[in-house]
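One file, run_7.pdb, is given below (PDB, C-alpha atoms).
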ATOM      1  CA  MET A   1     -22.973  -2.323  10.086  1.00  0.00           C
ATOM      2  CA  TYR A   2     -20.629  -0.698   7.589  1.00  0.00           C
ATOM      3  CA  ASP A   3     -17.188  -0.167   9.108  1.00  0.00           C
ATOM      4  CA  PHE A   4     -13.588   0.528   8.147  1.00  0.00           C
ATOM      5  CA  MET A   5     -10.167  -0.079   9.631  1.00  0.00           C
ATOM      6  CA  LEU A   6      -7.442   2.582   9.678  1.00  0.00           C
ATOM      7  CA  ASN A   7      -4.128   2.570  11.530  1.00  0.00           C
ATOM      8  CA  GLY A   8      -4.885  -0.904  12.851  1.00  0.00           C
ATOM      9  CA  LYS A   9      -8.209  -0.021  14.522  1.00  0.00           C
ATOM     10  CA  ASN A  10     -11.814  -0.423  13.482  1.00  0.00           C
ATOM     11  CA  ALA A  11     -13.632   2.897  13.467  1.00  0.00           C
ATOM     12  CA  SER A  12     -16.644   1.405  15.260  1.00  0.00           C
ATOM     13  CA  THR A  13     -14.534   0.328  18.254  1.00  0.00           C
ATOM     14  CA  LEU A  14     -13.732   4.020  18.760  1.00  0.00           C
ATOM     15  CA  GLY A  15     -17.359   5.040  18.398  1.00  0.00           C
ATOM     16  CA  VAL A  16     -16.905   6.416  14.866  1.00  0.00           C
ATOM     17  CA  PHE A  17     -19.539   5.409  12.299  1.00  0.00           C
ATOM     18  CA  VAL A  18     -19.811   5.869   8.545  1.00  0.00           C
ATOM     19  CA  ILE A  19     -22.732   8.007   7.402  1.00  0.00           C
ATOM     20  CA  GLN A  20     -22.478   6.977   3.752  1.00  0.00           C
ATOM     21  CA  ARG A  21     -20.371   4.441   1.866  1.00  0.00           C
ATOM     22  CA  PRO A  22     -17.659   6.220  -0.159  1.00  0.00           C
ATOM     23  CA  ASP A  23     -17.483   5.965  -3.932  1.00  0.00           C
ATOM     24  CA  ILE A  24     -14.021   4.646  -4.818  1.00  0.00           C
ATOM     25  CA  PRO A  25     -12.736   6.163  -8.083  1.00  0.00           C
ATOM     26  CA  THR A  26     -10.981   4.232 -10.805  1.00  0.00           C
ATOM     27  CA  PRO A  27      -7.322   5.327 -11.079  1.00  0.00           C
ATOM     28  CA  LYS A  28      -6.429   7.327 -14.163  1.00  0.00           C
ATOM     29  CA  LYS A  29      -3.564   6.073 -16.289  1.00  0.00           C
ATOM     30  CA  ARG A  30      -0.832   8.576 -17.116  1.00  0.00           C
ATOM     31  CA  ILE A  31      -0.790   8.926 -20.889  1.00  0.00           C
ATOM     32  CA  GLU A  32       1.085  11.827 -22.428  1.00  0.00           C
ATOM     33  CA  LYS A  33      -0.528  13.315 -25.522  1.00  0.00           C
ATOM     34  CA  LYS A  34       1.575  15.047 -28.170  1.00  0.00           C
ATOM     35  CA  ASN A  35       0.670  16.896 -31.343  1.00  0.00           C
ATOM     36  CA  VAL A  36       3.049  16.108 -34.200  1.00  0.00           C
ATOM     37  CA  ASN A  37       3.266  18.312 -37.284  1.00  0.00           C
ATOM     38  CA  GLY A  38       2.108  16.485 -40.373  1.00  0.00           C
ATOM     39  CA  ARG A  39       0.451  13.713 -38.366  1.00  0.00           C
ATOM     40  CA  ASN A  40      -3.278  13.246 -38.012  1.00  0.00           C
ATOM     41  CA  GLY A  41      -4.666  12.983 -34.523  1.00  0.00           C
ATOM     42  CA  ILE A  42      -2.251  12.781 -31.592  1.00  0.00           C
ATOM     43  CA  LEU A  43       0.757  10.728 -30.552  1.00  0.00           C
ATOM     44  CA  THR A  44       0.311   9.011 -27.192  1.00  0.00           C
ATOM     45  CA  VAL A  45       3.063   7.925 -24.812  1.00  0.00           C
ATOM     46  CA  ASP A  46       1.904   5.370 -22.233  1.00  0.00           C
ATOM     47  CA  GLU A  47       4.044   5.652 -19.075  1.00  0.00           C
ATOM     48  CA  ASN A  48       2.381   2.523 -17.606  1.00  0.00           C
ATOM     49  CA  THR A  49       1.795   4.403 -14.338  1.00  0.00           C
ATOM     50  CA  PHE A  50      -1.310   5.706 -12.588  1.00  0.00           C
ATOM     51  CA  ASP A  51      -2.321   8.792 -10.630  1.00  0.00           C
ATOM     52  CA  GLU A  52      -3.278   8.530  -6.985  1.00  0.00           C
ATOM     53  CA  ILE A  53      -6.953   8.187  -6.082  1.00  0.00           C
ATOM     54  CA  ASN A  54      -8.947  10.497  -3.805  1.00  0.00           C
ATOM     55  CA  PHE A  55     -12.210   9.826  -1.991  1.00  0.00           C
ATOM     56  CA  ALA A  56     -14.071  10.979   1.116  1.00  0.00           C
ATOM     57  CA  ILE A  57     -15.571   9.081   4.068  1.00  0.00           C
ATOM     58  CA  GLU A  58     -18.336  10.904   5.919  1.00  0.00           C
ATOM     59  CA  CYS A  59     -18.433   9.980   9.613  1.00  0.00           C
ATOM     60  CA  ASN A  60     -20.132  10.829  12.873  1.00  0.00           C
ATOM     61  CA  PHE A  61     -19.670  10.040  16.553  1.00  0.00           C
ATOM     62  CA  MET A  62     -21.424  10.547  19.881  1.00  0.00           C
ATOM     63  CA  SER A  63     -19.815  11.354  23.208  1.00  0.00           C
ATOM     64  CA  SER A  64     -21.127   9.773  26.412  1.00  0.00           C
ATOM     65  CA  LYS A  65     -21.874  13.189  27.915  1.00  0.00           C
ATOM     66  CA  PRO A  66     -21.762  16.752  26.543  1.00  0.00           C
ATOM     67  CA  GLU A  67     -18.783  17.588  28.729  1.00  0.00           C
ATOM     68  CA  ASN A  68     -16.839  14.665  27.171  1.00  0.00           C
ATOM     69  CA  PHE A  69     -17.349  15.846  23.574  1.00  0.00           C
ATOM     70  CA  ALA A  70     -13.972  17.603  23.279  1.00  0.00           C
ATOM     71  CA  ASP A  71     -12.109  14.610  24.754  1.00  0.00           C
ATOM     72  CA  LYS A  72     -13.816  12.287  22.266  1.00  0.00           C
ATOM     73  CA  ALA A  73     -12.880  14.597  19.380  1.00  0.00           C
ATOM     74  CA  ARG A  74      -9.237  14.696  20.482  1.00  0.00           C
ATOM     75  CA  MET A  75      -9.107  10.899  20.725  1.00  0.00           C
ATOM     76  CA  ILE A  76     -10.451  10.565  17.171  1.00  0.00           C
ATOM     77  CA  LYS A  77      -7.910  13.065  15.810  1.00  0.00           C
ATOM     78  CA  ALA A  78      -5.056  11.219  17.531  1.00  0.00           C
ATOM     79  CA  TRP A  79      -6.168   7.948  15.927  1.00  0.00           C
ATOM     80  CA  ILE A  80      -6.527   9.403  12.424  1.00  0.00           C
ATOM     81  CA  TYR A  81      -3.212  11.276  12.446  1.00  0.00           C
ATOM     82  CA  SER A  82      -1.169   8.579  14.197  1.00  0.00           C
ATOM     83  CA  ASN A  83       0.137   7.399  10.823  1.00  0.00           C
ATOM     84  CA  GLN A  84      -0.407   8.987   7.418  1.00  0.00           C
ATOM     85  CA  GLN A  85       0.903   5.986   5.474  1.00  0.00           C
ATOM     86  CA  SER A  86      -1.268   3.160   6.668  1.00  0.00           C
ATOM     87  CA  GLU A  87      -3.668   0.490   5.446  1.00  0.00           C
ATOM     88  CA  LEU A  88      -7.336   1.314   4.910  1.00  0.00           C
ATOM     89  CA  LEU A  89      -9.719  -1.642   4.818  1.00  0.00           C
ATOM     90  CA  PHE A  90     -13.513  -1.703   4.448  1.00  0.00           C
ATOM     91  CA  ASN A  91     -15.480  -4.463   6.179  1.00  0.00           C
ATOM     92  CA  ASP A  92     -17.523  -5.323   3.076  1.00  0.00           C
ATOM     93  CA  ASP A  93     -14.300  -6.022   1.113  1.00  0.00           C
ATOM     94  CA  GLN A  94     -12.029  -7.551   3.737  1.00  0.00           C
ATOM     95  CA  ASN A  95      -9.732  -9.401   1.347  1.00  0.00           C
ATOM     96  CA  TYR A  96      -8.371  -6.108  -0.016  1.00  0.00           C
ATOM     97  CA  PHE A  97      -6.919  -2.891   1.379  1.00  0.00           C
ATOM     98  CA  TYR A  98      -5.747   0.533   0.210  1.00  0.00           C
ATOM     99  CA  LYS A  99      -2.407   2.118   1.051  1.00  0.00           C
ATOM    100  CA  THR A 100      -2.995   5.646   2.291  1.00  0.00           C
ATOM    101  CA  GLN A 101      -0.608   8.451   1.389  1.00  0.00           C
ATOM    102  CA  ILE A 102      -2.412  11.403   2.986  1.00  0.00           C
ATOM    103  CA  ILE A 103      -5.357  11.415   5.399  1.00  0.00           C
ATOM    104  CA  GLU A 104      -6.951  14.778   6.118  1.00  0.00           C
ATOM    105  CA  MET A 105      -9.780  15.362   8.571  1.00  0.00           C
ATOM    106  CA  SER A 106     -12.275  18.173   8.090  1.00  0.00           C
ATOM    107  CA  ASP A 107     -13.429  20.417  10.904  1.00  0.00           C
ATOM    108  CA  ILE A 108     -15.809  18.674  13.279  1.00  0.00           C
ATOM    109  CA  GLU A 109     -19.339  20.013  13.049  1.00  0.00           C
ATOM    110  CA  ARG A 110     -21.087  19.735  16.389  1.00  0.00           C
ATOM    111  CA  ILE A 111     -24.686  19.163  15.401  1.00  0.00           C
ATOM    112  CA  SER A 112     -25.891  18.572  18.968  1.00  0.00           C
ATOM    113  CA  LYS A 113     -24.415  18.591  22.450  1.00  0.00           C
ATOM    114  CA  ARG A 114     -23.153  15.013  22.050  1.00  0.00           C
ATOM    115  CA  ILE A 115     -22.993  14.367  18.290  1.00  0.00           C
ATOM    116  CA  GLY A 116     -20.292  15.466  15.877  1.00  0.00           C
ATOM    117  CA  THR A 117     -19.770  14.895  12.153  1.00  0.00           C
ATOM    118  CA  PHE A 118     -16.641  15.118  10.019  1.00  0.00           C
ATOM    119  CA  THR A 119     -15.204  13.975   6.691  1.00  0.00           C
ATOM    120  CA  LEU A 120     -12.010  12.020   6.064  1.00  0.00           C
ATOM    121  CA  ASN A 121     -10.390  12.999   2.774  1.00  0.00           C
ATOM    122  CA  CYS A 122      -8.216  10.096   1.675  1.00  0.00           C
ATOM    123  CA  THR A 123      -5.398  10.136  -0.862  1.00  0.00           C
ATOM    124  CA  CYS A 124      -4.315   6.587  -1.640  1.00  0.00           C
ATOM    125  CA  ASP A 125      -1.987   4.584  -3.810  1.00  0.00           C
ATOM    126  CA  PRO A 126      -3.811   3.849  -7.103  1.00  0.00           C
ATOM    127  CA  PHE A 127      -3.795   0.106  -6.498  1.00  0.00           C
ATOM    128  CA  ILE A 128      -5.869  -2.041  -4.184  1.00  0.00           C
ATOM    129  CA  TYR A 129      -3.819  -4.731  -2.449  1.00  0.00           C
ATOM    130  CA  LEU A 130      -4.772  -8.277  -1.514  1.00  0.00           C
ATOM    131  CA  THR A 131      -4.450  -9.084   2.180  1.00  0.00           C
ATOM    132  CA  MET A 132      -3.113 -12.534   1.315  1.00  0.00           C
ATOM    133  CA  GLY A 133      -0.298 -10.818  -0.602  1.00  0.00           C
ATOM    134  CA  LYS A 134       1.258  -9.713   2.694  1.00  0.00           C
ATOM    135  CA  LYS A 135       2.161 -13.291   3.668  1.00  0.00           C
ATOM    136  CA  GLU A 136       5.663 -14.653   3.176  1.00  0.00           C
ATOM    137  CA  ILE A 137       5.882 -17.417   0.599  1.00  0.00           C
ATOM    138  CA  SER A 138       8.627 -19.750  -0.547  1.00  0.00           C
ATOM    139  CA  ILE A 139      10.180 -19.058  -3.920  1.00  0.00           C
ATOM    140  CA  SER A 140       9.711 -21.677  -6.620  1.00  0.00           C
ATOM    141  CA  SER A 141      11.099 -21.829 -10.140  1.00  0.00           C
ATOM    142  CA  THR A 142       7.872 -20.376 -11.533  1.00  0.00           C
ATOM    143  CA  ILE A 143       5.419 -18.019  -9.836  1.00  0.00           C
ATOM    144  CA  VAL A 144       2.110 -17.181 -11.458  1.00  0.00           C
ATOM    145  CA  ASN A 145       0.806 -13.651 -10.892  1.00  0.00           C
ATOM    146  CA  LEU A 146      -2.957 -13.561 -11.444  1.00  0.00           C
ATOM    147  CA  TYR A 147      -3.110  -9.809 -10.817  1.00  0.00           C
ATOM    148  CA  TYR A 148      -1.455  -6.568 -11.912  1.00  0.00           C
ATOM    149  CA  LEU A 149       2.315  -6.011 -12.062  1.00  0.00           C
ATOM    150  CA  SER A 150       3.572  -6.630  -8.521  1.00  0.00           C
ATOM    151  CA  ALA A 151       6.498  -5.092  -6.600  1.00  0.00           C
ATOM    152  CA  PRO A 152       7.508  -7.790  -4.105  1.00  0.00           C
ATOM    153  CA  ILE A 153       9.659  -7.683  -0.991  1.00  0.00           C
ATOM    154  CA  TYR A 154      12.428 -10.262  -0.777  1.00  0.00           C
ATOM    155  CA  LYS A 155      13.842 -11.320   2.605  1.00  0.00           C
ATOM    156  CA  LEU A 156      17.357 -12.759   2.757  1.00  0.00           C
ATOM    157  CA  ALA A 157      19.061 -14.505   5.671  1.00  0.00           C
ATOM    158  CA  GLY A 158      22.671 -15.674   5.670  1.00  0.00           C
ATOM    159  CA  GLU A 159      26.245 -14.541   5.117  1.00  0.00           C
ATOM    160  CA  GLY A 160      27.615 -13.794   1.668  1.00  0.00           C
ATOM    161  CA  VAL A 161      26.465 -12.953  -1.852  1.00  0.00           C
ATOM    162  CA  PHE A 162      22.877 -13.717  -2.832  1.00  0.00           C
ATOM    163  CA  SER A 163      21.962 -13.727  -6.517  1.00  0.00           C
ATOM    164  CA  LEU A 164      18.299 -13.556  -7.554  1.00  0.00           C
ATOM    165  CA  THR A 165      17.136 -13.771 -11.174  1.00  0.00           C
ATOM    166  CA  VAL A 166      13.547 -12.949 -12.182  1.00  0.00           C
ATOM    167  CA  ASN A 167      12.586 -13.268 -15.848  1.00  0.00           C
ATOM    168  CA  ASN A 168      16.289 -13.111 -16.841  1.00  0.00           C
ATOM    169  CA  ASN A 169      16.955  -9.988 -14.718  1.00  0.00           C
ATOM    170  CA  THR A 170      19.636 -10.596 -12.093  1.00  0.00           C
ATOM    171  CA  PHE A 171      20.014  -8.758  -8.770  1.00  0.00           C
ATOM    172  CA  GLN A 172      22.875  -9.379  -6.329  1.00  0.00           C
ATOM    173  CA  VAL A 173      23.281  -8.452  -2.658  1.00  0.00           C
ATOM    174  CA  ASN A 174      26.229  -8.989  -0.335  1.00  0.00           C
ATOM    175  CA  VAL A 175      24.476  -9.880   2.921  1.00  0.00           C
ATOM    176  CA  ALA A 176      25.730  -9.819   6.499  1.00  0.00           C
ATOM    177  CA  GLN A 177      23.194 -11.858   8.500  1.00  0.00           C
ATOM    178  CA  ASN A 178      20.022 -10.476   6.919  1.00  0.00           C
ATOM    179  CA  ALA A 179      18.681  -8.084   4.289  1.00  0.00           C
ATOM    180  CA  VAL A 180      15.411  -6.919   2.774  1.00  0.00           C
ATOM    181  CA  ILE A 181      14.996  -5.960  -0.891  1.00  0.00           C
ATOM    182  CA  ASP A 182      11.989  -3.647  -1.166  1.00  0.00           C
ATOM    183  CA  THR A 183      11.389  -3.350  -4.896  1.00  0.00           C
ATOM    184  CA  ASP A 184       8.591  -0.783  -4.499  1.00  0.00           C
ATOM    185  CA  LEU A 185      10.649   1.655  -2.390  1.00  0.00           C
ATOM    186  CA  MET A 186      13.796   0.602  -4.304  1.00  0.00           C
ATOM    187  CA  LEU A 187      15.730   0.088  -1.101  1.00  0.00           C
ATOM    188  CA  VAL A 188      17.914  -2.616   0.380  1.00  0.00           C
ATOM    189  CA  TYR A 189      18.240  -2.572   4.161  1.00  0.00           C
ATOM    190  CA  ARG A 190      18.952  -4.761   7.146  1.00  0.00           C
ATOM    191  CA  GLU A 191      15.804  -6.246   8.626  1.00  0.00           C
ATOM    192  CA  ASP A 192      17.060  -6.144  12.215  1.00  0.00           C
ATOM    193  CA  ASN A 193      18.062  -2.477  12.436  1.00  0.00           C
ATOM    194  CA  GLY A 194      16.834  -0.777   9.248  1.00  0.00           C
ATOM    195  CA  GLN A 195      20.337   0.213   8.086  1.00  0.00           C
ATOM    196  CA  LEU A 196      20.371   1.019   4.364  1.00  0.00           C
ATOM    197  CA  ILE A 197      22.739  -1.170   2.346  1.00  0.00           C
ATOM    198  CA  ASN A 198      21.923  -0.229  -1.246  1.00  0.00           C
ATOM    199  CA  GLN A 199      25.661   0.099  -1.803  1.00  0.00           C
ATOM    200  CA  ASN A 200      25.979  -3.671  -1.297  1.00  0.00           C
ATOM    201  CA  SER A 201      23.593  -4.441  -4.161  1.00  0.00           C
ATOM    202  CA  LEU A 202      23.832  -4.589  -7.925  1.00  0.00           C
ATOM    203  CA  GLY A 203      20.954  -4.722 -10.382  1.00  0.00           C
ATOM    204  CA  SER A 204      17.580  -3.221 -11.262  1.00  0.00           C
ATOM    205  CA  PHE A 205      14.766  -3.237  -8.716  1.00  0.00           C
ATOM    206  CA  GLU A 206      12.202  -3.163 -11.526  1.00  0.00           C
ATOM    207  CA  GLY A 207      13.753  -6.360 -12.863  1.00  0.00           C
ATOM    208  CA  LEU A 208      12.521  -8.169  -9.741  1.00  0.00           C
ATOM    209  CA  TRP A 209       8.879  -7.186 -10.279  1.00  0.00           C
ATOM    210  CA  LEU A 210       6.384  -9.927 -11.089  1.00  0.00           C
ATOM    211  CA  LYS A 211       4.495  -9.425 -14.344  1.00  0.00           C
ATOM    212  CA  ASN A 212       0.962 -10.677 -14.873  1.00  0.00           C
ATOM    213  CA  GLY A 213       1.194 -14.321 -15.871  1.00  0.00           C
ATOM    214  CA  THR A 214       4.052 -16.774 -15.403  1.00  0.00           C
ATOM    215  CA  ASN A 215       7.367 -15.548 -13.967  1.00  0.00           C
ATOM    216  CA  SER A 216      10.578 -17.593 -13.995  1.00  0.00           C
ATOM    217  CA  ILE A 217      12.759 -17.313 -10.898  1.00  0.00           C
ATOM    218  CA  SER A 218      16.128 -18.744  -9.934  1.00  0.00           C
ATOM    219  CA  TYR A 219      18.610 -17.906  -7.209  1.00  0.00           C
ATOM    220  CA  THR A 220      21.893 -18.847  -5.647  1.00  0.00           C
ATOM    221  CA  VAL A 221      22.579 -18.369  -1.950  1.00  0.00           C
ATOM    222  CA  PRO A 222      25.582 -18.955   0.291  1.00  0.00           C
ATOM    223  CA  GLU A 223      25.727 -22.052   2.491  1.00  0.00           C
ATOM    224  CA  ASN A 224      22.717 -22.162   4.860  1.00  0.00           C
ATOM    225  CA  GLY A 225      21.309 -19.045   3.190  1.00  0.00           C
ATOM    226  CA  LYS A 226      17.538 -18.593   2.945  1.00  0.00           C
ATOM    227  CA  ILE A 227      15.294 -16.415   0.815  1.00  0.00           C
ATOM    228  CA  LYS A 228      11.553 -15.674   1.102  1.00  0.00           C
ATOM    229  CA  MET A 229       9.149 -13.387  -0.746  1.00  0.00           C
ATOM    230  CA  ILE A 230       6.224 -11.170   0.178  1.00  0.00           C
ATOM    231  CA  PRO A 231       4.493 -10.890  -3.213  1.00  0.00           C
ATOM    232  CA  ASN A 232       2.389  -7.748  -2.552  1.00  0.00           C
ATOM    233  CA  TRP A 233      -0.332  -8.845  -4.971  1.00  0.00           C
ATOM    234  CA  ARG A 234      -2.306  -5.861  -6.220  1.00  0.00           C
ATOM    235  CA  THR A 235      -4.968  -4.928  -8.738  1.00  0.00           C
ATOM    236  CA  LEU A 236      -6.937  -1.890  -9.908  1.00  0.00           C
TER     237      LEU A 236
END
Please render this file's structure as structure tokens.
Amino acid sequence: MYDFMLNGKNASTLGVFVIQRPDIPTPKKRIEKKNVNGRNGILTVDENTFDEINFAIECNFMSSKPENFADKARMIKAWIYSNQQSELLFNDDQNYFYKTQIIEMSDIERISKRIGTFTLNCTCDPFIYLTMGKKEISISSTIVNLYYLSAPIYKLAGEGVFSLTVNNNTFQVNVAQNAVIDTDLMLVYREDNGQLINQNSLGSFEGLWLKNGTNSISYTVPENGKIKMIPNWRTL
């Protein structure tokens, strides 16, 4: 049975079933085209970024009794809209997931007393992420990225100044107990209470990204300080 997981729940466990597998589009790269006087053809500027992707999932469901149809519909809406920025995973590709940005649900068409159909319109981050990339790993002097450019999360624990250098790009944070460097969101915050502490940091977030291939990493930490990484491996 074809199934998907959204907001931490499998659709089938809620009695929602996919009518047809969605076609997942390939993300489009942002390339600016310019006409230049006296030059043949066009000048292209590659921003090395991608547009979001959009696709639809056609679904149906059946209520236990006709009088329970509205309750079932409300339960499905609550599940879908519980979190717009979530992980979307399909059961025939369980090692990868999409990061949703916007999830919109069409009107429910009641095709019989107990059966309803609807469409989920999904707007997602252009990348597909590896589930294994969510695991914390220890940092070694070299890390090989087999995938696309990655924006890791670094977790720091200790008291004092931490200095992290990735491919000759240095980033420093003055830490009180703990801190998280989220290079995708470009934020530094305390892990225990979410307090933003960007003002305690110095350096470029992009400099901490992991390029495809071999990355050199070094760091200095205060006494008893610890540092871990969530690599956020991703591909297209």
As JSON, what would the box around segment 157-160 of chain A look like: edges along x, y and z, 4 Å added on every side, centre and edge lengths in Å to one decimal?
{"center_x": 23.3, "center_y": -14.7, "center_z": 3.7, "size_x": 16.6, "size_y": 9.9, "size_z": 12.0}
Pairwise distance for atom CA of Phe55 of chain A and atom CA of Met75 of chain A, rounded to one decimal in Å: 23.0 Å
Hey, what comes out of the PyMOL selection byres ((chain A and resi 197) around 9) on this file? Could you write it as a ChimeraX atom specification? /A:173-175,179,187-190,195-196,198-201
Please write the residues picked by the PyMOL selection byres ((chain A and resi 140) around 12) on this file as a list in words. Ile137, Ser138, Ile139, Ser141, Thr142, Ile143, Val144, Leu164, Thr165, Val166, Thr214, Asn215, Ser216, Ile217, Ser218, Tyr219, Ile227, Lys228 and Met229 of chain A
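Minimum distance to Gly8 of chain A across A:Asn145, A:Gln20, A:Ser82, A:Thr235 (counting all atoms listed in the file) occurs at A:Ser82.
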The PyMOL selection byres ((chain A and resi 158) around 9) - which residues does that actually catch in the file I just gave you? List them as a list in words.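 Answer for the PyMOL selection byres ((chain A and resi 158) around 9): Leu156, Ala157, Glu159, Gly160, Val161, Phe162, Val175, Ala176, Gln177, Asn178, Ala179, Val221, Pro222, Glu223, Asn224, Gly225, Lys226 and Ile227 of chain A.
Residue nearest Asn10 of chain A within the list A:Glu109, A:Glu87, A:Glu52, A:Asp184: A:Glu87 [criterion: smallest interatomic distance, all atoms listed in the file].
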